[in-house]
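Participant: So that you have it, the file is work_30.cif, and it contains mmCIF, C-alpha atoms; chains and numbers go by the auth columns:
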```
data_target
loop_
_atom_site.group_PDB
_atom_site.id
_atom_site.type_symbol
_atom_site.label_atom_id
_atom_site.label_comp_id
_atom_site.label_asym_id
_atom_site.label_seq_id
_atom_site.Cartn_x
_atom_site.Cartn_y
_atom_site.Cartn_z
_atom_site.B_iso_or_equiv
_atom_site.auth_seq_id
_atom_site.auth_asym_id
ATOM 1 C CA MET A 1 236.061 -89.259 -134.117 0.00 1 A
ATOM 2 C CA LYS A 2 235.062 -90.695 -137.505 0.00 2 A
ATOM 3 C CA LEU A 3 231.612 -90.201 -139.035 0.00 3 A
ATOM 4 C CA GLN A 4 231.076 -93.974 -139.236 0.00 4 A
ATOM 5 C CA THR A 5 231.688 -94.191 -135.472 0.00 5 A
ATOM 6 C CA ILE A 6 229.051 -91.511 -134.882 0.00 6 A
ATOM 7 C CA GLU A 7 226.535 -93.454 -136.963 0.00 7 A
ATOM 8 C CA THR A 8 227.204 -96.658 -135.010 0.00 8 A
ATOM 9 C CA LEU A 9 226.942 -94.740 -131.740 0.00 9 A
ATOM 10 C CA HIS A 10 223.659 -93.186 -132.874 0.00 10 A
ATOM 11 C CA SER A 11 222.263 -96.636 -133.601 0.00 11 A
ATOM 12 C CA SER A 12 223.162 -97.835 -130.092 0.00 12 A
ATOM 13 C CA LEU A 13 221.723 -94.749 -128.414 0.00 13 A
ATOM 14 C CA THR A 14 218.504 -95.137 -130.379 0.00 14 A
ATOM 15 C CA GLN A 15 218.141 -98.623 -128.926 0.00 15 A
ATOM 16 C CA LEU A 16 218.656 -97.282 -125.398 0.00 16 A
ATOM 17 C CA LYS A 17 216.666 -94.063 -125.515 0.00 17 A
ATOM 18 C CA SER A 18 213.310 -95.580 -124.537 0.00 18 A
ATOM 19 C CA GLN A 19 214.789 -97.486 -121.611 0.00 19 A
ATOM 20 C CA GLU A 20 213.987 -96.216 -118.108 0.00 20 A
ATOM 21 C CA MET A 21 217.050 -94.696 -116.434 0.00 21 A
ATOM 22 C CA PRO A 22 217.930 -92.264 -113.649 0.00 22 A
ATOM 23 C CA LEU A 23 217.277 -88.623 -114.460 0.00 23 A
ATOM 24 C CA ARG A 24 220.921 -87.508 -114.697 0.00 24 A
ATOM 25 C CA LEU A 25 221.801 -90.421 -116.971 0.00 25 A
ATOM 26 C CA SER A 26 218.753 -89.754 -119.110 0.00 26 A
ATOM 27 C CA TYR A 27 219.841 -86.126 -119.408 0.00 27 A
ATOM 28 C CA LYS A 28 223.348 -87.120 -120.541 0.00 28 A
ATOM 29 C CA PHE A 29 221.986 -89.591 -123.097 0.00 29 A
ATOM 30 C CA SER A 30 219.585 -86.941 -124.436 0.00 30 A
ATOM 31 C CA LYS A 31 222.388 -84.406 -124.654 0.00 31 A
ATOM 32 C CA LEU A 32 224.595 -86.911 -126.488 0.00 32 A
ATOM 33 C CA LEU A 33 221.822 -87.820 -128.925 0.00 33 A
ATOM 34 C CA SER A 34 221.260 -84.141 -129.682 0.00 34 A
ATOM 35 C CA LYS A 35 224.972 -83.627 -130.367 0.00 35 A
ATOM 36 C CA ILE A 36 225.255 -86.485 -132.861 0.00 36 A
ATOM 37 C CA GLU A 37 221.857 -86.239 -134.573 0.00 37 A
ATOM 38 C CA LYS A 38 222.986 -83.860 -137.356 0.00 38 A
ATOM 39 C CA ASP A 39 226.088 -85.924 -138.122 0.00 39 A
ATOM 40 C CA SER A 40 223.965 -89.065 -138.275 0.00 40 A
ATOM 41 C CA GLU A 41 221.465 -87.405 -140.622 0.00 41 A
ATOM 42 C CA PHE A 42 224.339 -86.201 -142.816 0.00 42 A
ATOM 43 C CA PHE A 43 225.764 -89.741 -142.936 0.00 43 A
ATOM 44 C CA THR A 44 222.389 -91.228 -143.866 0.00 44 A
ATOM 45 C CA GLU A 45 221.777 -88.675 -146.620 0.00 45 A
ATOM 46 C CA LYS A 46 225.248 -89.029 -148.139 0.00 46 A
ATOM 47 C CA THR A 47 224.998 -92.836 -148.021 0.00 47 A
ATOM 48 C CA ARG A 48 221.684 -92.562 -149.851 0.00 48 A
ATOM 49 C CA GLU A 49 223.308 -90.331 -152.493 0.00 49 A
ATOM 50 C CA VAL A 50 226.141 -92.838 -153.030 0.00 50 A
ATOM 51 C CA ILE A 51 223.640 -95.666 -153.414 0.00 51 A
ATOM 52 C CA LEU A 52 221.512 -93.724 -155.886 0.00 52 A
ATOM 53 C CA LYS A 53 224.576 -92.721 -157.900 0.00 53 A
ATOM 54 C CA TYR A 54 226.106 -96.202 -158.203 0.00 54 A
ATOM 55 C CA ALA A 55 223.123 -98.533 -157.931 0.00 55 A
ATOM 56 C CA GLU A 56 221.982 -100.755 -160.742 0.00 56 A
ATOM 57 C CA LYS A 57 218.522 -99.735 -161.977 0.00 57 A
ATOM 58 C CA ASP A 58 215.908 -101.720 -163.874 0.00 58 A
ATOM 59 C CA GLU A 59 214.086 -100.587 -167.025 0.00 59 A
ATOM 60 C CA ASN A 60 211.670 -98.528 -164.867 0.00 60 A
ATOM 61 C CA GLY A 61 214.504 -96.734 -163.092 0.00 61 A
ATOM 62 C CA ASP A 62 213.923 -98.626 -159.848 0.00 62 A
ATOM 63 C CA LEU A 63 216.874 -99.859 -157.792 0.00 63 A
ATOM 64 C CA VAL A 64 217.738 -103.520 -158.319 0.00 64 A
ATOM 65 C CA GLN A 65 218.025 -105.592 -155.159 0.00 65 A
ATOM 66 C CA THR A 66 220.129 -108.662 -154.518 0.00 66 A
ATOM 67 C CA GLU A 67 218.568 -111.873 -153.219 0.00 67 A
ATOM 68 C CA ASP A 68 219.374 -110.848 -149.645 0.00 68 A
ATOM 69 C CA GLY A 69 217.649 -107.459 -150.033 0.00 69 A
ATOM 70 C CA ASN A 70 220.689 -105.214 -150.522 0.00 70 A
ATOM 71 C CA ILE A 71 220.933 -102.759 -153.387 0.00 71 A
ATOM 72 C CA ARG A 72 222.971 -104.061 -156.310 0.00 72 A
ATOM 73 C CA ILE A 73 225.826 -101.755 -157.348 0.00 73 A
ATOM 74 C CA GLN A 74 226.732 -101.466 -161.030 0.00 74 A
ATOM 75 C CA THR A 75 229.547 -103.942 -161.631 0.00 75 A
ATOM 76 C CA ASP A 76 231.813 -101.372 -163.300 0.00 76 A
ATOM 77 C CA LYS A 77 231.182 -98.868 -160.467 0.00 77 A
ATOM 78 C CA ILE A 78 231.863 -101.062 -157.399 0.00 78 A
ATOM 79 C CA GLU A 79 235.353 -99.647 -156.841 0.00 79 A
ATOM 80 C CA GLU A 80 234.111 -96.044 -157.139 0.00 80 A
ATOM 81 C CA ALA A 81 231.197 -96.761 -154.776 0.00 81 A
ATOM 82 C CA ASN A 82 233.522 -98.351 -152.221 0.00 82 A
ATOM 83 C CA LYS A 83 235.891 -95.381 -152.445 0.00 83 A
ATOM 84 C CA ALA A 84 233.008 -92.932 -151.948 0.00 84 A
ATOM 85 C CA MET A 85 231.796 -94.833 -148.880 0.00 85 A
ATOM 86 C CA MET A 86 235.322 -95.051 -147.434 0.00 86 A
ATOM 87 C CA GLU A 87 235.707 -91.285 -147.835 0.00 87 A
ATOM 88 C CA LEU A 88 232.361 -90.742 -146.120 0.00 88 A
ATOM 89 C CA ASN A 89 233.217 -93.114 -143.275 0.00 89 A
ATOM 90 C CA ASP A 90 236.592 -91.410 -142.716 0.00 90 A
ATOM 91 C CA ILE A 91 235.256 -87.882 -142.285 0.00 91 A
ATOM 92 C CA GLU A 92 236.442 -86.519 -138.942 0.00 92 A
ATOM 93 C CA VAL A 93 233.743 -84.951 -136.798 0.00 93 A
ATOM 94 C CA GLU A 94 233.926 -82.805 -133.696 0.00 94 A
ATOM 95 C CA ASP A 95 234.723 -84.658 -130.484 0.00 95 A
ATOM 96 C CA ILE A 96 231.700 -85.328 -128.318 0.00 96 A
ATOM 97 C CA ASN A 97 233.117 -84.489 -124.859 0.00 97 A
ATOM 98 C CA ILE A 98 230.415 -86.420 -122.999 0.00 98 A
ATOM 99 C CA THR A 99 231.461 -89.415 -120.939 0.00 99 A
ATOM 100 C CA PHE A 100 229.797 -91.989 -118.726 0.00 100 A
ATOM 101 C CA THR A 101 231.085 -93.940 -115.777 0.00 101 A
ATOM 102 C CA LEU A 102 230.358 -97.605 -115.259 0.00 102 A
ATOM 103 C CA ASP A 103 228.522 -96.611 -112.080 0.00 103 A
ATOM 104 C CA GLU A 104 226.184 -94.396 -114.106 0.00 104 A
ATOM 105 C CA LEU A 105 225.450 -97.186 -116.562 0.00 105 A
ATOM 106 C CA GLU A 106 224.984 -99.795 -113.830 0.00 106 A
ATOM 107 C CA SER A 107 221.198 -99.359 -113.796 0.00 107 A
ATOM 108 C CA LEU A 108 220.874 -100.295 -117.481 0.00 108 A
ATOM 109 C CA SER A 109 220.615 -103.709 -119.064 0.00 109 A
ATOM 110 C CA ILE A 110 222.734 -103.352 -122.192 0.00 110 A
ATOM 111 C CA ALA A 111 223.498 -106.043 -124.749 0.00 111 A
ATOM 112 C CA PRO A 112 227.206 -106.233 -125.693 0.00 112 A
ATOM 113 C CA GLU A 113 226.540 -105.152 -129.288 0.00 113 A
ATOM 114 C CA VAL A 114 224.789 -102.014 -128.000 0.00 114 A
ATOM 115 C CA LEU A 115 227.515 -101.339 -125.424 0.00 115 A
ATOM 116 C CA GLN A 116 230.428 -101.715 -127.865 0.00 116 A
ATOM 117 C CA PRO A 117 230.008 -98.303 -129.597 0.00 117 A
ATOM 118 C CA LEU A 118 229.724 -96.630 -126.183 0.00 118 A
ATOM 119 C CA LEU A 119 233.082 -97.941 -124.927 0.00 119 A
ATOM 120 C CA PRO A 120 235.120 -94.880 -126.023 0.00 120 A
ATOM 121 C CA LEU A 121 232.776 -92.729 -123.915 0.00 121 A
ATOM 122 C CA ILE A 122 233.094 -94.784 -120.729 0.00 122 A
ATOM 123 C CA VAL A 123 235.605 -93.582 -118.155 0.00 123 A
ATOM 124 C CA GLU A 124 236.774 -95.078 -114.878 0.00 124 A
ATOM 125 C CA SER A 125 235.636 -92.291 -112.576 0.00 125 A
ATOM 126 C CA GLU A 126 233.623 -89.100 -112.500 0.00 126 A
ATOM 127 C CA GLU A 127 236.809 -86.998 -112.493 0.00 127 A
ATOM 128 C CA ASN A 128 237.035 -87.441 -116.287 0.00 128 A
ATOM 129 C CA GLU A 129 233.556 -86.084 -117.069 0.00 129 A
#
```
For this file, produce the structure as structure tokens.
Facilitator:
Amino acid sequence: MKLQTIETLHSSLTQLKSQEMPLRLSYKFSKLLSKIEKDSEFFTEKTREVILKYAEKDENGDLVQTEDGNIRIQTDKIEEANKAMMELNDIEVEDINITFTLDELESLSIAPEVLQPLLPLIVESEENE
């Protein structure tokens, strides 16, 4: 599984973690969150390092933002920054080995954009857990 996938999965799980759910499902979600937390922290830190390295800075050394609030990358460094982020996104991480059945998730109300990153972890039956 790619590091970028872990980060997207972490974001979805964060949205679900305060939702009431059956005990066994809550346990599995907690276990999954624990497994991916370090990878997510690593991704966040390395993304921050890439931004700091390639960002445009003003005369005070502060990061320059675009009109839409993103950090502006130095024009002559855009290709390098993109390459660094692609390398980060493509890092392979250890497989998770935690799955969910549709029956287990039935009790949750999940928006499609939150469900999407969970799809690789959903199996047809409990035999695959």
Participant: Choose the residue, out of A:Thr99, A:Gln74, A:Gln19, A:Thr14, that has the smallest atom-to-atom separation from A:Leu119; count all atoms listed in the file.
Facilitator: A:Thr99
Participant: Give me, please, the distance in Å between atom CA of A:Lys31 and atom CA of A:Ser12, quoted to one decimal.
Facilitator: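 Straight-line distance from atom CA of A:Lys31 to atom CA of A:Ser12 works out to 14.5 Å.
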Participant: For a quick check of understanding, using only C-alpha atoms, which of A:Ile36, A:Ala84, A:Leu52, A:Ile91 has the smallest distance to A:Arg72?
Facilitator: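 Using only C-alpha atoms, the shortest distance to A:Arg72 belongs to A:Leu52.
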Participant: Can you spell out as number ranges by chain the set of residues that the PyMOL selection byres ((chain A and resi 40) around 10) selects in the structure I just provided?
Facilitator: A: 3-11, 33, 35-39, 41-46
Participant: Could you please take those selected residues and save C-alpha atoms as a short mmCIF file (atom, residue, chain, number, x, y, z; two decimals), in the coordinates of the input?
Facilitator:
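Resulting contents of selection22.cif:
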```
data_model
loop_
_atom_site.label_atom_id
_atom_site.label_comp_id
_atom_site.auth_asym_id
_atom_site.auth_seq_id
_atom_site.Cartn_x
_atom_site.Cartn_y
_atom_site.Cartn_z
CA LEU A 3 231.61 -90.20 -139.04
CA GLN A 4 231.08 -93.97 -139.24
CA THR A 5 231.69 -94.19 -135.47
CA ILE A 6 229.05 -91.51 -134.88
CA GLU A 7 226.54 -93.45 -136.96
CA THR A 8 227.20 -96.66 -135.01
CA LEU A 9 226.94 -94.74 -131.74
CA HIS A 10 223.66 -93.19 -132.87
CA SER A 11 222.26 -96.64 -133.60
CA LEU A 33 221.82 -87.82 -128.93
CA LYS A 35 224.97 -83.63 -130.37
CA ILE A 36 225.26 -86.48 -132.86
CA GLU A 37 221.86 -86.24 -134.57
CA LYS A 38 222.99 -83.86 -137.36
CA ASP A 39 226.09 -85.92 -138.12
CA GLU A 41 221.46 -87.40 -140.62
CA PHE A 42 224.34 -86.20 -142.82
CA PHE A 43 225.76 -89.74 -142.94
CA THR A 44 222.39 -91.23 -143.87
CA GLU A 45 221.78 -88.68 -146.62
CA LYS A 46 225.25 -89.03 -148.14
#
```
Participant: With distances taken over all atoms listed in the file, which residue among A:Ser125, A:Asn89, A:Asn97, A:Ser107 lies nearest A:Arg24?
Facilitator: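 Ranked by minimum distance to A:Arg24, first place goes to A:Ser107.
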Participant: List the residues matched by the PyMOL selection byres ((chain A and resi 100) around 9) in the displayed structure as a PyMOL selection string, ordered by chain and then by residue number.
Facilitator: chain A and resi 25+28+98-99+101-105+118+121-126+128-129
Participant: Give the answer as one residue: which of A:Val50, A:Ile96, A:Ala55, A:Leu88 has the shortest atom-to-atom distance to A:Thr75, using all atoms listed in the file?
Facilitator: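 For A:Thr75, the nearest of the given residues is A:Ala55.
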Participant: Which value, in Å to one decimal, gives the distance between atom CA of A:Ser26 and atom CA of A:Asp90?
Facilitator: 29.6 Å
Participant: I want to know what sits within 10 Å of A:Tyr54, based on all atoms listed in the file, with residues of the same chain fewer than 2 positions away left out; could you give that as a list in words?
Facilitator: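 The neighbour list is Glu49, Val50, Ile51, Leu52, Glu56, Lys57, Leu63, Ile71, Arg72, Ile73, Gln74, Thr75, Asp76, Lys77, Ile78, Glu79, Glu80, Ala81, Asn82 and Ala84 of chain A.
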Participant: Between atom CA of A:Met21 and atom CA of A:Asp95, what is the distance, to one decimal in Å?
Facilitator: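 Taking atom CA of A:Met21 as the start and atom CA of A:Asp95 as the end point, the length is 24.7 Å.
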Participant: Go through A:Met86, A:Leu108, A:Leu16, A:Val93 one by one, measure the shortest atom-to-atom distance of each to A:Ser30 using all atoms listed in the file, and give the residue with the smallest value.
Facilitator: A:Leu16
Participant: Around all listed atoms of stretch 85-93 of chain A, padded 3 Å per side, what centre and edge lengths does the axis-aligned box have in Å to one decimal, as JSON?
Facilitator:
```
{"center_x": 234.2, "center_y": -90.0, "center_z": -142.8, "size_x": 10.8, "size_y": 16.1, "size_z": 18.1}
```
Participant: Output as an mmCIF file, keeping the file's coordinate frame: stretch 8-19 of chain A, completed with all heavy atoms.
Facilitator:
```cif
data_model
loop_
_atom_site.group_PDB
_atom_site.id
_atom_site.type_symbol
_atom_site.label_atom_id
_atom_site.label_comp_id
_atom_site.auth_asym_id
_atom_site.auth_seq_id
_atom_site.Cartn_x
_atom_site.Cartn_y
_atom_site.Cartn_z
ATOM 1 N N THR A 8 227.333 -95.457 -135.832
ATOM 2 C CA THR A 8 227.204 -96.658 -135.010
ATOM 3 C C THR A 8 226.760 -96.289 -133.591
ATOM 4 O O THR A 8 225.898 -96.955 -133.010
ATOM 5 C CB THR A 8 228.540 -97.424 -134.969
ATOM 6 O OG1 THR A 8 228.957 -97.686 -136.311
ATOM 7 C CG2 THR A 8 228.407 -98.730 -134.230
ATOM 8 N N LEU A 9 227.322 -95.226 -133.061
ATOM 9 C CA LEU A 9 226.942 -94.740 -131.740
ATOM 10 C C LEU A 9 225.477 -94.317 -131.729
ATOM 11 O O LEU A 9 224.725 -94.638 -130.803
ATOM 12 C CB LEU A 9 227.848 -93.570 -131.342
ATOM 13 C CG LEU A 9 227.600 -92.925 -129.992
ATOM 14 C CD1 LEU A 9 227.755 -93.927 -128.866
ATOM 15 C CD2 LEU A 9 228.560 -91.751 -129.807
ATOM 16 N N HIS A 10 225.050 -93.627 -132.767
ATOM 17 C CA HIS A 10 223.659 -93.186 -132.874
ATOM 18 C C HIS A 10 222.714 -94.385 -132.856
ATOM 19 O O HIS A 10 221.671 -94.368 -132.198
ATOM 20 C CB HIS A 10 223.462 -92.351 -134.149
ATOM 21 C CG HIS A 10 222.084 -91.807 -134.286
ATOM 22 N ND1 HIS A 10 221.114 -92.428 -135.027
ATOM 23 C CD2 HIS A 10 221.508 -90.694 -133.749
ATOM 24 C CE1 HIS A 10 220.003 -91.728 -134.952
ATOM 25 N NE2 HIS A 10 220.207 -90.680 -134.189
ATOM 26 N N SER A 11 223.083 -95.425 -133.561
ATOM 27 C CA SER A 11 222.263 -96.636 -133.601
ATOM 28 C C SER A 11 222.120 -97.242 -132.197
ATOM 29 O O SER A 11 221.024 -97.634 -131.791
ATOM 30 C CB SER A 11 222.891 -97.644 -134.563
ATOM 31 O OG SER A 11 222.163 -98.841 -134.558
ATOM 32 N N SER A 12 223.212 -97.295 -131.453
ATOM 33 C CA SER A 12 223.162 -97.835 -130.092
ATOM 34 C C SER A 12 222.314 -96.963 -129.173
ATOM 35 O O SER A 12 221.506 -97.467 -128.389
ATOM 36 C CB SER A 12 224.569 -97.954 -129.510
ATOM 37 O OG SER A 12 225.250 -99.028 -130.086
ATOM 38 N N LEU A 13 222.490 -95.656 -129.266
ATOM 39 C CA LEU A 13 221.723 -94.749 -128.414
ATOM 40 C C LEU A 13 220.236 -94.817 -128.727
ATOM 41 O O LEU A 13 219.398 -94.715 -127.826
ATOM 42 C CB LEU A 13 222.233 -93.317 -128.566
ATOM 43 C CG LEU A 13 223.611 -93.043 -127.996
ATOM 44 C CD1 LEU A 13 224.071 -91.647 -128.355
ATOM 45 C CD2 LEU A 13 223.623 -93.249 -126.493
ATOM 46 N N THR A 14 219.900 -95.006 -129.984
ATOM 47 C CA THR A 14 218.504 -95.137 -130.379
ATOM 48 C C THR A 14 217.869 -96.355 -129.712
ATOM 49 O O THR A 14 216.710 -96.316 -129.303
ATOM 50 C CB THR A 14 218.388 -95.219 -131.919
ATOM 51 O OG1 THR A 14 218.937 -94.013 -132.476
ATOM 52 C CG2 THR A 14 216.960 -95.355 -132.367
ATOM 53 N N GLN A 15 218.647 -97.425 -129.586
ATOM 54 C CA GLN A 15 218.141 -98.623 -128.926
ATOM 55 C C GLN A 15 217.951 -98.409 -127.423
ATOM 56 O O GLN A 15 217.103 -99.047 -126.808
ATOM 57 C CB GLN A 15 219.085 -99.803 -129.166
ATOM 58 C CG GLN A 15 219.116 -100.253 -130.609
ATOM 59 C CD GLN A 15 220.068 -101.405 -130.806
ATOM 60 O OE1 GLN A 15 220.011 -102.385 -130.081
ATOM 61 N NE2 GLN A 15 220.944 -101.281 -131.789
ATOM 62 N N LEU A 16 218.723 -97.511 -126.840
ATOM 63 C CA LEU A 16 218.656 -97.282 -125.398
ATOM 64 C C LEU A 16 217.709 -96.155 -124.987
ATOM 65 O O LEU A 16 217.306 -96.081 -123.827
ATOM 66 C CB LEU A 16 220.051 -96.950 -124.854
ATOM 67 C CG LEU A 16 221.079 -98.066 -124.876
ATOM 68 C CD1 LEU A 16 222.446 -97.518 -124.525
ATOM 69 C CD2 LEU A 16 220.674 -99.174 -123.917
ATOM 70 N N LYS A 17 217.345 -95.297 -125.909
ATOM 71 C CA LYS A 17 216.666 -94.063 -125.515
ATOM 72 C C LYS A 17 215.280 -94.256 -124.900
ATOM 73 O O LYS A 17 214.818 -93.398 -124.163
ATOM 74 C CB LYS A 17 216.603 -93.077 -126.683
ATOM 75 C CG LYS A 17 215.632 -93.418 -127.766
ATOM 76 C CD LYS A 17 215.668 -92.349 -128.845
ATOM 77 C CE LYS A 17 214.651 -92.632 -129.916
ATOM 78 N NZ LYS A 17 214.718 -91.641 -130.971
ATOM 79 N N SER A 18 214.627 -95.372 -125.141
ATOM 80 C CA SER A 18 213.310 -95.580 -124.537
ATOM 81 C C SER A 18 213.390 -96.367 -123.224
ATOM 82 O O SER A 18 212.379 -96.608 -122.575
ATOM 83 C CB SER A 18 212.396 -96.306 -125.522
ATOM 84 O OG SER A 18 212.916 -97.577 -125.822
ATOM 85 N N GLN A 19 214.593 -96.731 -122.843
ATOM 86 C CA GLN A 19 214.789 -97.486 -121.611
ATOM 87 C C GLN A 19 214.710 -96.546 -120.405
ATOM 88 O O GLN A 19 215.222 -95.424 -120.455
ATOM 89 C CB GLN A 19 216.150 -98.184 -121.660
ATOM 90 C CG GLN A 19 216.337 -99.237 -120.622
ATOM 91 C CD GLN A 19 217.596 -100.065 -120.888
ATOM 92 O OE1 GLN A 19 218.131 -100.069 -121.979
ATOM 93 N NE2 GLN A 19 218.049 -100.760 -119.872
#
```
